[in-house]
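Taking it in order: structure first as structure tokens, then the write-up.
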Amino acid sequence: MNAKPSLLLTGATGFLGTRLAPGLASAWNVVRASRRAQGPDAVRLDLEDPDSVRAAFQEIRPAAVVHCGGAARPDECEVDPDMARRLNSEAARLVAELSAQAGARLVHLSTDLVFDGEKGWYNEDDPVRPLSVYGRTKLEAEEAVLSGAPGSVVLRVSSVYGRPLGARPCFVDEWLTALSAGRPISAYVDQWRASTDGDQLPEVIARVLADPDLEGVFHWGGAERLTRHQTALELCRAFGFDPALARATRAADERKPAPRPRDASLDSSRLAAALGLAPRALAQGFATLAAAARSTEKR
Ligand SMILES: NC(=O)c1ccc[n+]([C@@H]2O[C@H](COP(=O)([O-])OP(=O)(O)OC[C@H]3O[C@@H](n4cnc5c(N)ncnc54)[C@H](OP(=O)(O)O)[C@@H]3O)[C@@H](O)[C@H]2O)c1
């Protein structure tokens with residue numbers, strides 16, 4: 001029997017990483033990497049300490065790398081741009097350089113926030129213009145990956161939701177906590193996204209890794225472009241909460257440290273056609289979440 005090739009997964013303790021590790025394990029010997037990663041299948045590394053990243057590559061000699069680690073909270077990046085640059089741009093540059101040296105195929109996770117949100121339903125050829133420090137450092141990371149690791153894939157995802165697996169909560173978890181307590185939630189009527197179903201991402205990335213001809217930038221959002229408020233109503237429908245609890249508010253009336261694009265919805269049709277896989281509609285993704293929550297309650 002052939003041993004499975006090694007795959008180094010950075011950001012393994014994060015929202016995406018916790019679902020990618022088990023989801024990629026059938027084809028790959030996944031080594032989970034982060035500062036807090038623990039266990040026999042884990043390696044500790046600090047993306048701000050280049051020696052620890054080099055040591056991890058030397059120990060694992062990966063055939064593939066999925067780079068999910070970094071600073072993923074836009075407001076934190078806005079108030080600490082140096083941290084954002086170190087963790088996003090510089091770390092991605094190093095990961096790309098080491099992946100190229102190891103001959104490892106690199107899949108790098110990026111974001112819809114590289115766009116300014118004036119157009120919406122963005123495809124991969126649309127010009128980028130990030131509004132925030134987070135968006136700019138993620139764009140620098142994309143450029144470093146594409147130039148430093150030929151053959152790599154940059155996968156832009158958006159407002160990812162999925163089953164709670166013990167990592168940080170996503171926006172859906174925060175809404176569900178409030179709704180379950182009978183508290184109203186606020187959601188914007190003037191901000192559009194095509195939210196990515198995180199529980200579909202392992203299949204998407206597994207298929208990308210299985211196709212060496214795919215390279216460059218790709219989008220993977222949801223099937224449709226919806227406002228945050230329409231998204232909240234969809235969640236109420238799926239979980240049986242009173243839709244009146246989803247209060248309509250306007251992003252234009254609020255100030256957050258990091259500016260957000262109005263319409264950052266991603267058109268995923270290019271990758272969908274290449275993989276022969278359709279991005280999930282929100283109703284389907286939320287129905288799956290509701291079913292998983294019901295079966296957890298029964299246990
Ligand atoms: N979630 C979304 O909605 C979304 C949307 C668009 C793009 N993305 C992109 O997807 C990727 C993953 O996002 P996520 O939501 O899973 O992020 P997350 O939940 O915040 O997780 C971040 C991960 O990075 C690791 N990390 C942070 N600082 C580190 C350091 N100094 N050294 C080593 N590891 C470090 C953390 O692990 P430790 O704390 O254990 O070190 C954690 O595993 C990011 O590139 C993000 O930009 C996410």
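Chain labels A, B, ... are given in the sequence in which chains occur in the structure tokens; within each chain residues are numbered consecutively from 1, and ligands are likewise numbered from 1 in the order shown.
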Checklist entry - Which residues in segment 123-278 of chain A does DSSP call alpha helix (DSSP H)? List them as JSON, numbers by chain. => result {"A": [133, 134, 135, 136, 137, 138, 139, 140, 141, 142, 143, 144, 145, 146, 147, 148, 171, 172, 173, 174, 175, 176, 177, 178, 179, 180, 201, 202, 203, 204, 205, 206, 207, 208, 209, 210, 228, 229, 230, 231, 232, 233, 234, 235, 236, 237, 238, 239, 269, 270, 271, 272, 273, 274, 275]}
Next on the checklist: As a quick test: using only C-alpha atoms and all ligand atoms, which residues lie no more than 9 Å away from ligand 1? Give them as a PyMOL selection string.
Outcome noted: chain A and resi 10-18+33-37+44-49+53+67-74+86-88+91+108-113+134-135+138+155-161+167-171+195-196+198
Selected residues written out, C-alpha atoms, as a PDB file, in the first residue's frame:
```
ATOM      1  CA  THR A  10      -1.538  26.149   8.191  1.00  0.00           C
ATOM      2  CA  GLY A  11      -4.288  27.793  10.234  1.00  0.00           C
ATOM      3  CA  ALA A  12      -5.403  24.311  11.233  1.00  0.00           C
ATOM      4  CA  THR A  13      -7.074  25.486  14.457  1.00  0.00           C
ATOM      5  CA  GLY A  14      -9.110  28.170  12.661  1.00  0.00           C
ATOM      6  CA  PHE A  15     -12.662  28.205  11.343  1.00  0.00           C
ATOM      7  CA  LEU A  16     -11.637  26.865   7.928  1.00  0.00           C
ATOM      8  CA  GLY A  17      -8.744  24.711   9.098  1.00  0.00           C
ATOM      9  CA  THR A  18     -10.851  22.664  11.531  1.00  0.00           C
ATOM     10  CA  ALA A  33       0.033  23.526  11.751  1.00  0.00           C
ATOM     11  CA  SER A  34      -0.484  26.631  13.903  1.00  0.00           C
ATOM     12  CA  ARG A  35       0.717  28.056  17.231  1.00  0.00           C
ATOM     13  CA  ARG A  36      -1.881  26.028  19.169  1.00  0.00           C
ATOM     14  CA  ALA A  37      -2.053  22.868  17.044  1.00  0.00           C
ATOM     15  CA  ARG A  44       3.625  24.000  16.011  1.00  0.00           C
ATOM     16  CA  LEU A  45       4.702  26.999  13.984  1.00  0.00           C
ATOM     17  CA  ASP A  46       4.484  30.736  14.365  1.00  0.00           C
ATOM     18  CA  LEU A  47       3.961  32.606  11.100  1.00  0.00           C
ATOM     19  CA  GLU A  48       5.772  35.574  12.661  1.00  0.00           C
ATOM     20  CA  ASP A  49       8.854  33.404  13.299  1.00  0.00           C
ATOM     21  CA  VAL A  53       8.043  27.895   9.435  1.00  0.00           C
ATOM     22  CA  HIS A  67      -2.287  28.077   3.617  1.00  0.00           C
ATOM     23  CA  CYS A  68      -5.194  29.145   5.856  1.00  0.00           C
ATOM     24  CA  GLY A  69      -3.185  30.755   8.645  1.00  0.00           C
ATOM     25  CA  GLY A  70      -3.016  34.466   9.219  1.00  0.00           C
ATOM     26  CA  ALA A  71      -4.922  37.492  10.450  1.00  0.00           C
ATOM     27  CA  ALA A  72      -8.514  37.017   9.262  1.00  0.00           C
ATOM     28  CA  ARG A  73     -10.330  39.742  11.227  1.00  0.00           C
ATOM     29  CA  PRO A  74     -10.531  42.986   9.210  1.00  0.00           C
ATOM     30  CA  ARG A  86       3.622  40.328   8.962  1.00  0.00           C
ATOM     31  CA  LEU A  87       0.909  37.675   9.325  1.00  0.00           C
ATOM     32  CA  ASN A  88      -0.709  38.002   5.907  1.00  0.00           C
ATOM     33  CA  ALA A  91       4.083  34.986   5.966  1.00  0.00           C
ATOM     34  CA  HIS A 108      -3.701  29.864  -0.661  1.00  0.00           C
ATOM     35  CA  LEU A 109      -6.946  31.092   0.926  1.00  0.00           C
ATOM     36  CA  SER A 110      -7.869  34.660   0.071  1.00  0.00           C
ATOM     37  CA  THR A 111     -10.882  36.920   0.270  1.00  0.00           C
ATOM     38  CA  ASP A 112     -13.602  38.833  -1.549  1.00  0.00           C
ATOM     39  CA  LEU A 113     -12.390  41.922   0.337  1.00  0.00           C
ATOM     40  CA  TYR A 134      -6.919  43.434   5.648  1.00  0.00           C
ATOM     41  CA  GLY A 135      -7.838  43.543   1.947  1.00  0.00           C
ATOM     42  CA  LYS A 138      -4.414  39.752   1.490  1.00  0.00           C
ATOM     43  CA  LEU A 155      -8.853  30.645  -3.712  1.00  0.00           C
ATOM     44  CA  ARG A 156     -10.982  33.661  -2.770  1.00  0.00           C
ATOM     45  CA  VAL A 157     -13.851  32.834  -0.407  1.00  0.00           C
ATOM     46  CA  SER A 158     -16.426  35.058   1.300  1.00  0.00           C
ATOM     47  CA  SER A 159     -18.201  35.294   4.697  1.00  0.00           C
ATOM     48  CA  VAL A 160     -17.759  31.592   5.319  1.00  0.00           C
ATOM     49  CA  TYR A 161     -20.338  29.744   7.434  1.00  0.00           C
ATOM     50  CA  ALA A 167     -12.877  27.143  16.413  1.00  0.00           C
ATOM     51  CA  ARG A 168     -13.945  30.762  16.512  1.00  0.00           C
ATOM     52  CA  PRO A 169     -17.655  31.339  15.818  1.00  0.00           C
ATOM     53  CA  CYS A 170     -18.748  32.540  12.378  1.00  0.00           C
ATOM     54  CA  PHE A 171     -21.435  35.177  11.778  1.00  0.00           C
ATOM     55  CA  SER A 195     -21.503  33.504   1.341  1.00  0.00           C
ATOM     56  CA  THR A 196     -19.317  30.421   1.078  1.00  0.00           C
ATOM     57  CA  GLY A 198     -17.451  26.171   4.623  1.00  0.00           C
TER      58      GLY A 198
END
```
Next on the checklist: Which residues are close to segment 148-151 of chain A, i.e. within 12 Å by only C-alpha atoms, leaving aside same-chain residues fewer than 6 positions away? Reply as a count of residues only.
Outcome noted: 32
Item to check | d(atom CA of Leu275 of chain A, atom CA of Arg207 of chain A) in Å | outcome: 6.7 Å
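Residues in contact with Ser132 of chain A at up to 10 Å, not including ones fewer than 6 positions away on its chain and judged by only C-alpha atoms, are Pro74, Asp75, Cys77, Glu78, Pro81, Leu113, Val114, Phe115, Asp116, Lys138, Pro257, Ala258, Pro259, Arg260 and Pro261 of chain A.
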Excluding segment 266-274 of chain A and residues on its chain fewer than 3 positions from it, collect all residues at most 6 Å away from it, counting only C-alpha atoms, and give them as a PDB file with C-alpha atoms, in the first residue's frame.
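Output file result-v9.pdb follows:
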```
ATOM      1  CA  TRP A 121     -20.707  39.549  -8.744  1.00  0.00           C
ATOM      2  CA  TYR A 122     -16.975  39.712  -9.392  1.00  0.00           C
ATOM      3  CA  ASN A 123     -15.184  37.277 -11.639  1.00  0.00           C
ATOM      4  CA  ALA A 194     -22.318  35.389  -1.870  1.00  0.00           C
ATOM      5  CA  HIS A 219     -13.499  32.358  -6.668  1.00  0.00           C
ATOM      6  CA  TRP A 220     -15.648  30.126  -4.458  1.00  0.00           C
ATOM      7  CA  GLY A 221     -18.638  31.844  -2.898  1.00  0.00           C
ATOM      8  CA  LEU A 277     -19.347  21.156  -8.947  1.00  0.00           C
ATOM      9  CA  ALA A 278     -21.931  23.836  -8.156  1.00  0.00           C
TER      10      ALA A 278
END
```
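The interatomic distance for the pair atom CA of Asp263 of chain A and atom CA of Gln191 of chain A works out to 5.7 Å.
When only C-alpha atoms are used to compute distances to Arg280 of chain A, the closest of the residues A:Val204, A:Ala210, A:Ala292, A:Val153 turns out to be A:Val204.
Computed from the coordinates, the atom CA of Asp82 of chain A to atom CA of Gly120 of chain A distance equals 29.3 Å.
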Next on the checklist: So that I can see what lies close to segment 200-203 of chain A, please list as a PyMOL selection string the residues with an atom at most 6 Å from it, counting only C-alpha atoms and leaving out residues fewer than 3 positions away in the same chain.
Outcome noted: chain A and resi 20+23+197+206
Hey, what does DSSP flag as strand (DSSP E) within segment 32-258 of chain A? Can you give it to me as a PDB file with N, CA and C atoms, in the first residue's frame?
```pdb
ATOM      1  N   ARG A  32      -1.369  19.196  10.640  1.00  0.00           N
ATOM      2  CA  ARG A  32      -2.038  20.426  11.064  1.00  0.00           C
ATOM      3  C   ARG A  32      -1.032  21.356  11.721  1.00  0.00           C
ATOM      4  N   ALA A  33      -0.983  22.595  11.244  1.00  0.00           N
ATOM      5  CA  ALA A  33       0.033  23.526  11.751  1.00  0.00           C
ATOM      6  C   ALA A  33      -0.603  24.830  12.225  1.00  0.00           C
ATOM      7  N   SER A  34      -0.158  25.290  13.392  1.00  0.00           N
ATOM      8  CA  SER A  34      -0.484  26.631  13.903  1.00  0.00           C
ATOM      9  C   SER A  34       0.264  26.777  15.223  1.00  0.00           C
ATOM     10  N   ALA A  42       0.200  16.964  14.355  1.00  0.00           N
ATOM     11  CA  ALA A  42       0.320  18.431  14.372  1.00  0.00           C
ATOM     12  C   ALA A  42       1.764  18.880  14.496  1.00  0.00           C
ATOM     13  N   VAL A  43       2.007  20.082  13.968  1.00  0.00           N
ATOM     14  CA  VAL A  43       3.307  20.712  14.167  1.00  0.00           C
ATOM     15  C   VAL A  43       3.032  22.156  14.585  1.00  0.00           C
ATOM     16  N   ARG A  44       3.801  22.619  15.565  1.00  0.00           N
ATOM     17  CA  ARG A  44       3.625  24.000  16.011  1.00  0.00           C
ATOM     18  C   ARG A  44       4.479  24.911  15.155  1.00  0.00           C
ATOM     19  N   ALA A  64       2.062  19.033  -0.775  1.00  0.00           N
ATOM     20  CA  ALA A  64       1.072  20.093  -0.996  1.00  0.00           C
ATOM     21  C   ALA A  64       0.958  20.922   0.282  1.00  0.00           C
ATOM     22  N   VAL A  65       0.576  22.175   0.085  1.00  0.00           N
ATOM     23  CA  VAL A  65       0.398  23.080   1.219  1.00  0.00           C
ATOM     24  C   VAL A  65      -0.935  23.801   1.033  1.00  0.00           C
ATOM     25  N   VAL A  66      -1.739  23.836   2.100  1.00  0.00           N
ATOM     26  CA  VAL A  66      -2.944  24.672   2.082  1.00  0.00           C
ATOM     27  C   VAL A  66      -2.730  25.735   3.158  1.00  0.00           C
ATOM     28  N   HIS A  67      -2.652  26.985   2.704  1.00  0.00           N
ATOM     29  CA  HIS A  67      -2.287  28.077   3.617  1.00  0.00           C
ATOM     30  C   HIS A  67      -3.528  28.856   4.051  1.00  0.00           C
ATOM     31  N   ARG A 105       2.696  21.812  -4.226  1.00  0.00           N
ATOM     32  CA  ARG A 105       1.612  22.635  -4.797  1.00  0.00           C
ATOM     33  C   ARG A 105       0.961  23.424  -3.671  1.00  0.00           C
ATOM     34  N   LEU A 106       0.783  24.729  -3.869  1.00  0.00           N
ATOM     35  CA  LEU A 106       0.245  25.595  -2.816  1.00  0.00           C
ATOM     36  C   LEU A 106      -1.160  26.070  -3.166  1.00  0.00           C
ATOM     37  N   VAL A 107      -2.086  25.869  -2.222  1.00  0.00           N
ATOM     38  CA  VAL A 107      -3.414  26.470  -2.331  1.00  0.00           C
ATOM     39  C   VAL A 107      -3.510  27.509  -1.220  1.00  0.00           C
ATOM     40  N   HIS A 108      -3.713  28.753  -1.613  1.00  0.00           N
ATOM     41  CA  HIS A 108      -3.701  29.864  -0.661  1.00  0.00           C
ATOM     42  C   HIS A 108      -5.112  30.446  -0.532  1.00  0.00           C
ATOM     43  N   LEU A 109      -5.595  30.573   0.716  1.00  0.00           N
ATOM     44  CA  LEU A 109      -6.946  31.092   0.926  1.00  0.00           C
ATOM     45  C   LEU A 109      -6.930  32.616   0.943  1.00  0.00           C
ATOM     46  N   SER A 110      -7.771  33.208   0.097  1.00  0.00           N
ATOM     47  CA  SER A 110      -7.869  34.660   0.071  1.00  0.00           C
ATOM     48  C   SER A 110      -9.334  35.088   0.190  1.00  0.00           C
ATOM     49  N   THR A 111      -9.609  36.314  -0.147  1.00  0.00           N
ATOM     50  CA  THR A 111     -10.882  36.920   0.270  1.00  0.00           C
ATOM     51  C   THR A 111     -11.537  37.777  -0.815  1.00  0.00           C
ATOM     52  N   VAL A 153      -2.526  27.946  -6.490  1.00  0.00           N
ATOM     53  CA  VAL A 153      -3.912  28.399  -6.652  1.00  0.00           C
ATOM     54  C   VAL A 153      -4.249  29.356  -5.510  1.00  0.00           C
ATOM     55  N   VAL A 154      -4.791  30.507  -5.867  1.00  0.00           N
ATOM     56  CA  VAL A 154      -5.334  31.450  -4.883  1.00  0.00           C
ATOM     57  C   VAL A 154      -6.843  31.272  -4.913  1.00  0.00           C
ATOM     58  N   LEU A 155      -7.414  30.896  -3.772  1.00  0.00           N
ATOM     59  CA  LEU A 155      -8.853  30.645  -3.712  1.00  0.00           C
ATOM     60  C   LEU A 155      -9.507  31.723  -2.853  1.00  0.00           C
ATOM     61  N   ARG A 156     -10.281  32.603  -3.515  1.00  0.00           N
ATOM     62  CA  ARG A 156     -10.982  33.661  -2.770  1.00  0.00           C
ATOM     63  C   ARG A 156     -12.336  33.149  -2.293  1.00  0.00           C
ATOM     64  N   VAL A 157     -12.575  33.254  -0.981  1.00  0.00           N
ATOM     65  CA  VAL A 157     -13.851  32.834  -0.407  1.00  0.00           C
ATOM     66  C   VAL A 157     -14.471  34.040   0.297  1.00  0.00           C
ATOM     67  N   ILE A 185     -31.722  40.215  15.960  1.00  0.00           N
ATOM     68  CA  ILE A 185     -30.412  40.431  15.346  1.00  0.00           C
ATOM     69  C   ILE A 185     -30.551  41.567  14.336  1.00  0.00           C
ATOM     70  N   SER A 186     -29.434  42.214  14.056  1.00  0.00           N
ATOM     71  CA  SER A 186     -29.436  43.307  13.075  1.00  0.00           C
ATOM     72  C   SER A 186     -28.662  42.855  11.855  1.00  0.00           C
ATOM     73  N   ALA A 187     -29.197  43.160  10.679  1.00  0.00           N
ATOM     74  CA  ALA A 187     -28.505  42.743   9.454  1.00  0.00           C
ATOM     75  C   ALA A 187     -28.709  43.807   8.379  1.00  0.00           C
ATOM     76  N   TYR A 188     -27.657  44.038   7.608  1.00  0.00           N
ATOM     77  CA  TYR A 188     -27.651  45.144   6.648  1.00  0.00           C
ATOM     78  C   TYR A 188     -28.497  44.842   5.402  1.00  0.00           C
ATOM     79  N   TRP A 192     -24.058  43.341   0.130  1.00  0.00           N
ATOM     80  CA  TRP A 192     -24.324  42.081  -0.575  1.00  0.00           C
ATOM     81  C   TRP A 192     -23.112  41.156  -0.513  1.00  0.00           C
ATOM     82  N   ARG A 193     -23.385  39.878  -0.321  1.00  0.00           N
ATOM     83  CA  ARG A 193     -22.328  38.871  -0.327  1.00  0.00           C
ATOM     84  C   ARG A 193     -22.871  37.601  -0.991  1.00  0.00           C
ATOM     85  N   GLY A 216      -3.580  29.699 -10.632  1.00  0.00           N
ATOM     86  CA  GLY A 216      -4.011  31.096 -10.667  1.00  0.00           C
ATOM     87  C   GLY A 216      -5.136  31.362  -9.683  1.00  0.00           C
ATOM     88  N   VAL A 217      -5.862  32.450  -9.944  1.00  0.00           N
ATOM     89  CA  VAL A 217      -6.894  32.900  -8.997  1.00  0.00           C
ATOM     90  C   VAL A 217      -8.249  32.291  -9.344  1.00  0.00           C
ATOM     91  N   PHE A 218      -8.967  31.837  -8.317  1.00  0.00           N
ATOM     92  CA  PHE A 218     -10.340  31.334  -8.503  1.00  0.00           C
ATOM     93  C   PHE A 218     -11.222  31.836  -7.367  1.00  0.00           C
ATOM     94  N   HIS A 219     -12.512  31.935  -7.676  1.00  0.00           N
ATOM     95  CA  HIS A 219     -13.499  32.358  -6.668  1.00  0.00           C
ATOM     96  C   HIS A 219     -14.349  31.160  -6.235  1.00  0.00           C
ATOM     97  N   LEU A 226     -26.819  37.857  -2.085  1.00  0.00           N
ATOM     98  CA  LEU A 226     -27.899  38.259  -1.166  1.00  0.00           C
ATOM     99  C   LEU A 226     -27.413  39.342  -0.225  1.00  0.00           C
ATOM    100  N   THR A 227     -28.344  40.179   0.254  1.00  0.00           N
ATOM    101  CA  THR A 227     -27.945  41.132   1.301  1.00  0.00           C
ATOM    102  C   THR A 227     -27.771  40.353   2.604  1.00  0.00           C
ATOM    103  N   ALA A 246     -35.221  39.399  12.754  1.00  0.00           N
ATOM    104  CA  ALA A 246     -34.123  39.892  11.902  1.00  0.00           C
ATOM    105  C   ALA A 246     -34.412  41.339  11.527  1.00  0.00           C
ATOM    106  N   ARG A 247     -33.775  42.263  12.220  1.00  0.00           N
ATOM    107  CA  ARG A 247     -34.044  43.691  12.008  1.00  0.00           C
ATOM    108  C   ARG A 247     -33.156  44.238  10.888  1.00  0.00           C
ATOM    109  N   ALA A 248     -33.777  45.034  10.044  1.00  0.00           N
ATOM    110  CA  ALA A 248     -33.049  45.610   8.907  1.00  0.00           C
ATOM    111  C   ALA A 248     -32.299  46.866   9.337  1.00  0.00           C
ATOM    112  N   THR A 249     -30.992  46.880   9.100  1.00  0.00           N
ATOM    113  CA  THR A 249     -30.200  48.086   9.381  1.00  0.00           C
ATOM    114  C   THR A 249     -29.363  48.401   8.152  1.00  0.00           C
TER     115      THR A 249
END
```
Checklist entry - Of the candidates A:Ala283, A:Thr177, A:Asp253, A:Asp242, which one gets nearest to Glu224 of chain A if we count only C-alpha atoms? => result A:Ala283
Checklist entry - Residues at most 10 Å from Ala293 of chain A, counting only C-alpha atoms, excluding those fewer than 5 positions away in the same chain, as an MDAnalysis selection string? => result chainID A and resid 163:164 239 287:288 298
Any chance you could export the current selection's C-alpha atoms as a PDB file, in the first residue's frame?
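Once written, part_19.pdb looks like this:
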```pdb
ATOM      1  CA  ARG A 163     -21.030  23.696  11.427  1.00  0.00           C
ATOM      2  CA  PRO A 164     -19.525  24.811  14.744  1.00  0.00           C
ATOM      3  CA  PHE A 239     -34.136  27.216  11.932  1.00  0.00           C
ATOM      4  CA  ALA A 287     -30.892  23.458   5.958  1.00  0.00           C
ATOM      5  CA  THR A 288     -27.844  21.225   6.469  1.00  0.00           C
ATOM      6  CA  LYS A 298     -31.128  14.702  20.258  1.00  0.00           C
TER       7      LYS A 298
END
```
